[in-house]
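Source file: query_10.csv (CSV, C-alpha atoms)
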chain,number,residue,atom,x,y,z
A,1,MET,CA,112.3,30.0,59.2
A,2,ASP,CA,114.6,31.3,56.5
A,3,SER,CA,114.7,31.2,52.7
A,4,SER,CA,117.3,28.4,52.4
A,5,SER,CA,116.4,25.0,51.0
A,6,ALA,CA,114.2,22.6,53.0
A,7,HIS,CA,117.1,20.1,53.1
A,8,SER,CA,119.5,22.4,54.9
A,9,LYS,CA,117.4,24.5,57.3
A,10,PRO,CA,116.5,23.3,60.8
A,11,THR,CA,112.8,22.8,61.6
A,12,VAL,CA,111.3,25.7,63.6
A,13,GLY,CA,108.5,25.8,66.2
A,14,VAL,CA,107.0,29.2,67.3
A,15,VAL,CA,105.1,29.7,70.6
A,16,LEU,CA,102.8,32.7,70.9
A,17,GLU,CA,101.7,33.8,74.4
A,18,GLY,CA,98.2,35.3,74.9
A,19,GLY,CA,97.3,38.3,77.0
A,20,GLY,CA,94.2,40.0,75.4
A,21,PHE,CA,95.1,43.1,73.5
A,22,ARG,CA,98.7,42.7,74.5
A,23,GLY,CA,98.5,40.4,71.4
A,24,MET,CA,99.0,43.6,69.3
A,25,TYR,CA,102.6,43.3,70.3
A,26,THR,CA,102.8,39.8,68.9
A,27,SER,CA,101.1,41.0,65.7
A,28,GLY,CA,103.9,43.6,65.3
A,29,VAL,CA,106.5,40.9,65.7
A,30,ILE,CA,105.1,38.4,63.3
A,31,ASP,CA,104.3,41.1,60.7
A,32,VAL,CA,108.0,42.0,60.6
A,33,TRP,CA,108.8,38.3,60.3
A,34,MET,CA,106.4,38.0,57.3
A,35,GLU,CA,107.8,41.1,55.7
A,36,ARG,CA,111.3,39.5,56.0
A,37,GLY,CA,110.1,36.2,54.5
A,38,LEU,CA,110.4,34.3,57.8
A,39,THR,CA,108.0,31.5,58.5
A,40,ALA,CA,107.9,28.4,60.7
A,41,ASP,CA,107.2,24.7,60.4
A,42,ALA,CA,104.8,24.9,63.4
A,43,THR,CA,103.1,27.5,65.5
A,44,VAL,CA,101.2,27.1,68.7
A,45,GLY,CA,99.0,30.0,69.9
A,46,VAL,CA,97.3,30.6,73.2
A,47,SER,CA,94.2,32.9,73.4
A,48,ALA,CA,95.3,36.2,71.7
A,49,GLY,CA,98.3,34.3,70.4
A,50,ALA,CA,95.8,32.1,68.5
A,51,THR,CA,93.3,34.9,67.5
A,52,PHE,CA,96.0,37.2,66.1
A,53,GLY,CA,98.7,34.5,65.4
A,54,CYS,CA,96.5,32.7,62.8
A,55,ASN,CA,97.3,35.5,60.4
A,56,PHE,CA,100.9,34.2,60.4
A,57,LYS,CA,99.7,31.1,58.6
A,58,SER,CA,97.2,33.0,56.4
A,59,LYS,CA,100.0,35.4,55.5
A,60,GLN,CA,97.9,38.5,56.2
A,61,ILE,CA,100.3,41.2,57.2
A,62,GLY,CA,98.6,44.0,59.1
A,63,ARG,CA,95.2,42.4,59.3
A,64,SER,CA,94.9,42.0,63.1
A,65,LEU,CA,96.0,45.6,63.8
A,66,ARG,CA,93.7,46.9,61.1
A,67,TYR,CA,90.5,45.3,62.3
A,68,ASN,CA,91.2,45.8,66.0
A,69,LYS,CA,91.8,49.5,65.5
A,70,LYS,CA,88.7,49.8,63.3
A,71,TYR,CA,86.3,47.9,65.7
A,72,CYS,CA,87.8,48.2,69.2
A,73,ALA,CA,85.3,50.9,70.1
A,74,ASP,CA,82.4,49.2,68.4
A,75,PRO,CA,80.1,47.6,71.0
A,76,ARG,CA,79.2,44.8,68.6
A,77,TYR,CA,82.8,43.6,68.9
A,78,ALA,CA,83.4,43.8,72.7
A,79,SER,CA,81.2,45.4,75.3
A,80,LEU,CA,79.6,44.9,78.7
A,81,ARG,CA,76.3,44.9,76.8
A,82,ASN,CA,77.4,41.8,75.0
A,83,TRP,CA,78.3,40.1,78.3
A,84,ILE,CA,75.0,41.1,80.0
A,85,PHE,CA,72.7,40.0,77.2
A,86,LYS,CA,74.7,37.3,75.4
A,87,GLY,CA,77.1,36.0,78.1
A,88,ASP,CA,80.3,36.8,76.0
A,89,LEU,CA,82.3,40.0,76.4
A,90,PHE,CA,83.6,39.4,72.8
A,91,SER,CA,80.7,38.7,70.6
A,92,ARG,CA,80.5,35.3,69.0
A,93,ASP,CA,78.3,36.6,66.2
A,94,PHE,CA,80.3,39.7,65.4
A,95,ALA,CA,83.9,39.2,66.5
A,96,TYR,CA,84.1,35.5,65.4
A,97,GLY,CA,81.4,35.6,62.7
A,98,GLU,CA,80.7,38.7,60.7
A,99,LEU,CA,84.2,40.2,61.1
A,100,PRO,CA,86.3,37.3,59.8
A,101,TRP,CA,83.9,36.3,57.1
A,102,LYS,CA,82.5,39.6,55.8
A,103,LEU,CA,84.2,42.7,57.2
A,104,ASP,CA,87.9,41.9,57.2
A,105,VAL,CA,88.0,38.5,55.6
A,106,PHE,CA,90.3,35.8,57.0
A,107,ASP,CA,92.1,34.1,54.1
A,108,SER,CA,91.1,30.6,54.8
A,109,ALA,CA,92.4,29.3,51.4
A,110,THR,CA,95.9,30.5,52.1
A,111,PHE,CA,95.7,29.3,55.7
A,112,ALA,CA,94.7,25.8,54.5
A,113,ALA,CA,97.3,25.7,51.7
A,114,ASP,CA,100.3,26.9,53.8
A,115,PRO,CA,102.3,23.9,55.2
A,116,MET,CA,102.8,25.4,58.6
A,117,ARG,CA,101.2,23.4,61.4
A,118,PHE,CA,99.0,25.7,63.5
A,119,THR,CA,97.9,24.5,67.0
A,120,VAL,CA,95.7,26.3,69.5
A,121,VAL,CA,95.5,25.7,73.2
A,122,ALA,CA,92.3,25.6,75.2
A,123,THR,CA,91.5,24.5,78.7
A,124,ASP,CA,89.1,21.6,79.4
A,125,ILE,CA,87.3,23.1,82.4
A,126,ASN,CA,86.0,19.8,83.7
A,127,ALA,CA,89.3,17.9,83.4
A,128,GLY,CA,91.4,20.9,84.4
A,129,LYS,CA,93.8,20.2,81.6
A,130,ALA,CA,95.2,21.8,78.5
A,131,VAL,CA,93.9,20.7,75.1
A,132,TYR,CA,96.2,21.1,72.1
A,133,HIS,CA,94.2,21.1,68.8
A,134,ASP,CA,95.7,21.4,65.3
A,135,LEU,CA,93.7,23.6,62.9
A,136,GLY,CA,93.1,22.5,59.4
A,137,PRO,CA,91.1,24.3,56.6
A,138,GLY,CA,90.7,27.6,58.4
A,139,ASP,CA,86.9,27.2,58.3
A,140,VAL,CA,84.1,28.0,60.8
A,141,GLY,CA,85.1,25.0,62.9
A,142,ASP,CA,88.7,26.3,63.2
A,143,ILE,CA,87.4,29.7,64.2
A,144,GLU,CA,85.4,28.1,67.0
A,145,TRP,CA,88.6,26.5,68.3
A,146,ILE,CA,90.3,29.9,68.2
A,147,ARG,CA,87.3,31.3,70.1
A,148,ALA,CA,87.6,28.6,72.7
A,149,SER,CA,91.2,29.3,73.2
A,150,ALA,CA,90.4,33.0,73.8
A,151,SER,CA,87.3,32.7,75.9
A,152,ILE,CA,88.1,34.3,79.3
A,153,PRO,CA,86.6,32.7,82.4
A,154,MET,CA,83.6,34.6,83.9
A,155,VAL,CA,83.1,36.9,80.9
A,156,SER,CA,82.6,34.1,78.4
A,157,HIS,CA,80.4,31.1,78.0
A,158,PRO,CA,82.3,27.8,77.7
A,159,VAL,CA,82.7,26.7,74.2
A,160,TYR,CA,81.5,23.1,73.5
A,161,LEU,CA,83.7,21.2,71.0
A,162,GLU,CA,84.3,17.5,70.6
A,163,GLY,CA,82.4,16.7,73.8
A,164,ARG,CA,84.4,19.1,76.0
A,165,GLU,CA,83.6,22.4,77.7
A,166,LEU,CA,86.5,24.7,76.8
A,167,LEU,CA,87.8,28.1,77.9
A,168,ASP,CA,91.0,30.2,77.6
A,169,GLY,CA,94.0,28.0,77.0
A,170,GLY,CA,96.2,30.3,79.1
A,171,VAL,CA,94.5,29.1,82.3
A,172,ALA,CA,96.1,25.6,81.8
A,173,ASP,CA,99.2,26.4,79.8
A,174,SER,CA,100.0,30.1,79.5
A,175,ILE,CA,103.3,29.7,77.5
A,176,PRO,CA,103.3,26.2,75.8
A,177,TYR,CA,107.0,26.1,75.1
A,178,ARG,CA,107.3,22.7,76.8
A,179,TRP,CA,104.6,21.2,74.6
A,180,MET,CA,106.5,22.6,71.5
A,181,LEU,CA,109.8,21.3,72.7
A,182,ASP,CA,108.2,17.9,73.0
A,183,GLN,CA,107.2,18.0,69.3
A,184,GLY,CA,110.8,17.6,68.3
A,185,TYR,CA,111.5,20.7,66.2
A,186,ASP,CA,115.1,21.7,66.0
A,187,ARG,CA,114.6,25.4,67.1
A,188,THR,CA,112.0,26.9,69.3
A,189,VAL,CA,111.1,30.6,69.2
A,190,VAL,CA,108.9,32.1,71.9
A,191,VAL,CA,107.1,35.5,71.7
A,192,LEU,CA,106.1,36.8,75.2
A,193,THR,CA,103.7,39.7,75.9
A,194,GLN,CA,105.3,40.7,79.2
A,195,PRO,CA,108.6,42.5,79.6
A,196,ALA,CA,111.7,41.1,81.3
A,197,GLY,CA,111.3,41.0,85.1
A,198,TYR,CA,107.6,40.6,85.1
A,199,ARG,CA,106.0,38.4,87.8
A,200,LYS,CA,102.4,37.4,87.9
A,201,GLU,CA,100.5,38.1,91.1
A,202,PRO,CA,97.7,36.0,92.7
A,203,ASN,CA,94.3,36.7,91.1
A,204,SER,CA,92.6,39.3,93.2
A,205,LEU,CA,89.2,38.1,91.9
A,206,LEU,CA,89.7,34.5,93.1
A,207,PRO,CA,87.0,34.7,95.9
A,208,LEU,CA,84.5,35.8,93.3
A,209,LEU,CA,85.7,33.2,90.7
A,210,ARG,CA,85.3,30.5,93.3
A,211,VAL,CA,81.6,31.4,93.6
A,212,TRP,CA,81.0,32.1,90.0
A,213,LEU,CA,82.7,29.0,88.7
A,214,HIS,CA,81.8,26.6,91.6
A,215,ARG,CA,80.5,24.0,89.0
A,216,TYR,CA,84.1,23.7,87.7
A,217,PRO,CA,86.3,23.0,90.8
A,218,ARG,CA,89.3,21.9,88.6
A,219,LEU,CA,89.1,25.2,86.7
A,220,VAL,CA,89.1,27.1,90.0
A,221,GLU,CA,92.2,25.1,91.1
A,222,LEU,CA,94.0,26.2,87.9
A,223,LEU,CA,93.0,29.8,88.4
A,224,ALA,CA,94.1,29.7,92.1
A,225,ASP,CA,97.7,28.7,91.3
A,226,ARG,CA,98.1,30.1,87.8
A,227,HIS,CA,100.5,32.8,89.0
A,228,GLU,CA,102.8,30.2,90.5
A,229,ARG,CA,102.8,28.0,87.4
A,230,TYR,CA,103.3,31.1,85.2
A,231,ASN,CA,106.2,32.4,87.2
A,232,ARG,CA,107.8,28.9,87.1
A,233,GLN,CA,107.4,28.9,83.3
A,234,LEU,CA,109.2,32.3,83.1
A,235,ASP,CA,112.1,30.9,85.3
A,236,GLU,CA,112.4,27.8,83.1
A,237,LEU,CA,112.3,29.8,79.9
A,238,ALA,CA,115.1,32.1,81.2
A,239,GLU,CA,117.2,29.0,81.9
A,240,LEU,CA,116.5,27.5,78.5
A,241,GLU,CA,117.2,30.8,76.9
A,242,SER,CA,120.6,31.1,78.6
A,243,GLN,CA,121.4,27.6,77.3
A,244,GLY,CA,120.6,28.6,73.8
A,245,ARG,CA,117.7,26.0,73.6
A,246,VAL,CA,115.0,28.6,72.9
A,247,PHE,CA,115.0,32.1,71.4
A,248,VAL,CA,112.7,34.6,73.2
A,249,VAL,CA,111.3,37.8,72.0
A,250,ARG,CA,109.7,39.9,74.8
A,251,PRO,CA,108.5,43.5,75.0
A,252,SER,CA,111.2,46.0,75.6
A,253,GLU,CA,108.7,48.0,77.7
A,254,SER,CA,105.3,47.3,79.2
A,255,VAL,CA,102.4,46.8,76.8
A,256,LYS,CA,99.9,46.4,79.6
A,257,MET,CA,96.3,46.7,78.5
A,258,PRO,CA,92.8,46.8,80.0
A,259,MET,CA,90.5,43.9,79.0
A,260,MET,CA,88.6,46.2,76.7
A,261,VAL,CA,90.4,49.0,74.7
A,262,ARG,CA,88.5,51.8,73.1
A,263,ASP,CA,91.4,53.9,71.9
A,264,PRO,CA,93.1,52.7,68.6
A,265,GLU,CA,96.3,54.5,69.5
A,266,ILE,CA,96.8,52.3,72.5
A,267,LEU,CA,96.7,49.3,70.2
A,268,ASP,CA,99.0,51.0,67.7
A,269,ARG,CA,101.6,51.7,70.4
A,270,ALA,CA,101.8,48.0,71.4
A,271,TYR,CA,102.0,47.0,67.7
A,272,ARG,CA,104.8,49.5,67.1
A,273,ILE,CA,106.8,48.2,70.1
A,274,GLY,CA,106.4,44.7,68.7
A,275,ARG,CA,107.7,45.8,65.3
A,276,ALA,CA,110.6,47.6,66.8
A,277,ASP,CA,111.6,44.6,69.0
A,278,ALA,CA,111.3,42.3,66.0
A,279,GLU,CA,113.6,44.5,63.9
A,280,ARG,CA,116.1,44.8,66.8
A,281,THR,CA,116.3,41.1,67.4
A,282,ILE,CA,116.1,39.9,63.8
A,283,GLY,CA,119.8,39.4,63.3
A,284,ALA,CA,120.2,37.4,66.5
A,285,LEU,CA,117.1,35.3,65.5
A,286,GLN,CA,118.5,34.5,62.1
A,287,ALA,CA,121.8,33.5,63.7
A,288,TYR,CA,119.9,31.2,66.2
A,289,LEU,CA,117.9,29.6,63.3
A,290,SER,CA,121.0,29.0,61.1
Since I need it in another form, could you write the structure as structure tokens?
Amino acid sequence: MDSSSAHSKPTVGVVLEGGGFRGMYTSGVIDVWMERGLTADATVGVSAGATFGCNFKSKQIGRSLRYNKKYCADPRYASLRNWIFKGDLFSRDFAYGELPWKLDVFDSATFAADPMRFTVVATDINAGKAVYHDLGPGDVGDIEWIRASASIPMVSHPVYLEGRELLDGGVADSIPYRWMLDQGYDRTVVVLTQPAGYRKEPNSLLPLLRVWLHRYPRLVELLADRHERYNRQLDELAELESQGRVFVVRPSESVKMPMMVRDPEILDRAYRIGRADAERTIGALQAYLS
């Protein structure tokens, strides 16, 4: 993740947490990294960590902030109308079709040519397990995997890929640092979207989710104890961080967001906090990576 020769530098894996529009924080962090010439050997993204993090591999500084600020208030992008009439809060046709291929074009050629391994996490809602899928050419099929990773239960249709019904990867593995550690890279860098001291509470919508998702009992089980698994992940990450085994970048203040954001300035604020935190931690990060 630095500019030294491939023979001398350690291999680096980056983990990008999801969190809906809190992902604007992550966008700010990785934009600063790209401006500083930092990259990674592998990145794994969950949900918004996949939708916005893919720009890390395509080297498109500022893209995720730009299109989200431009289209966040556009009902074609995300709206209750989309959900009522199409079954997806975030439009498959617009958000994952027209936008990346026509309106703010995703650089699939650069994505495919860059040597960084990019993996997305989705949840197999029948097996109740995380699925880790490496993207390749940055084509329509890869965008479908990104959509699967970010498809929120109850406000999204399951995405059918390779014989599986898939939804948001954060349900099964919110912060896939353990998966990344198992890949054997020398250094692991984790970007969180919740500040220090955050604890996830039980899902207040669980009674409704049990009814709505009754066909998927293993998915409901995951949703029921997600807060416990997430908080254990935070505890283990803190321990790994104290041991110097991982480097964590987390928001210096809350970047909490509603599921839908209509005000571009709210997105811009989270992005600016991400940039500031990346600048503040860049020296320590480079020391960790050396």
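Minimum atom-to-atom distance to Leu222 (chain A), evaluated using only C-alpha atoms, belongs to A:Gly169 out of A:Gly97, A:Gly37, A:Gly169, A:Pro158.
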(message) Env of region 51-55 of chain A: 10 Å cut, atoms = only C-alpha atoms, seq-sep filter 5 positions within chain, self excluded. Answer as a ChimeraX atom specification.
(response) /A:15-18,20-21,23-27,30-31,34,43-46,60-65,68,96,106-108,110-111,118-120,135,138,143,145-150
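Take CA of Val189 (chain A) and CA of Glu201 (chain A): the distance between them is 25.5 Å.
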(message) Give me, as a ChimeraX atom specification, all polymer residues having an atom no more than 12 Å from Met154 (chain A), counting all atoms listed in the file and skipping those fewer than 2 positions away in the same chain.
(response) /A:83-84,87-89,151-152,156-158,167-168,205-206,208-214,216,219-220,223
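Atom to atom, CA of Ala42 (chain A) and CA of Glu98 (chain A) stand 27.9 Å apart.
Atom pair CA of Asp173 (chain A) / CA of Ala122 (chain A): separated by 8.3 Å.
Among A:Val14, A:Leu99, A:Ala130, A:Ala284, the residue with the shortest atom-to-atom distance to Arg164 (chain A), counting only C-alpha atoms, is A:Ala130.
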(request) Find, counting only C-alpha atoms, the residue in A:Pro264, A:Tyr160, A:Asp186, A:Arg199 that gets nearest to Arg229 (chain A). (result) A:Arg199
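Distances from A:Gly141, A:Pro202, A:Pro251, A:Pro153 to Asn231 (chain A) were compared using all atoms listed in the file, and the smallest one belongs to A:Pro202.
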(message) Using only C-alpha atoms, can you tell me which of A:Asp139, A:Glu165, A:Asp93, A:Asp235 comes closest to Arg215 (chain A)?
(response) A:Glu165
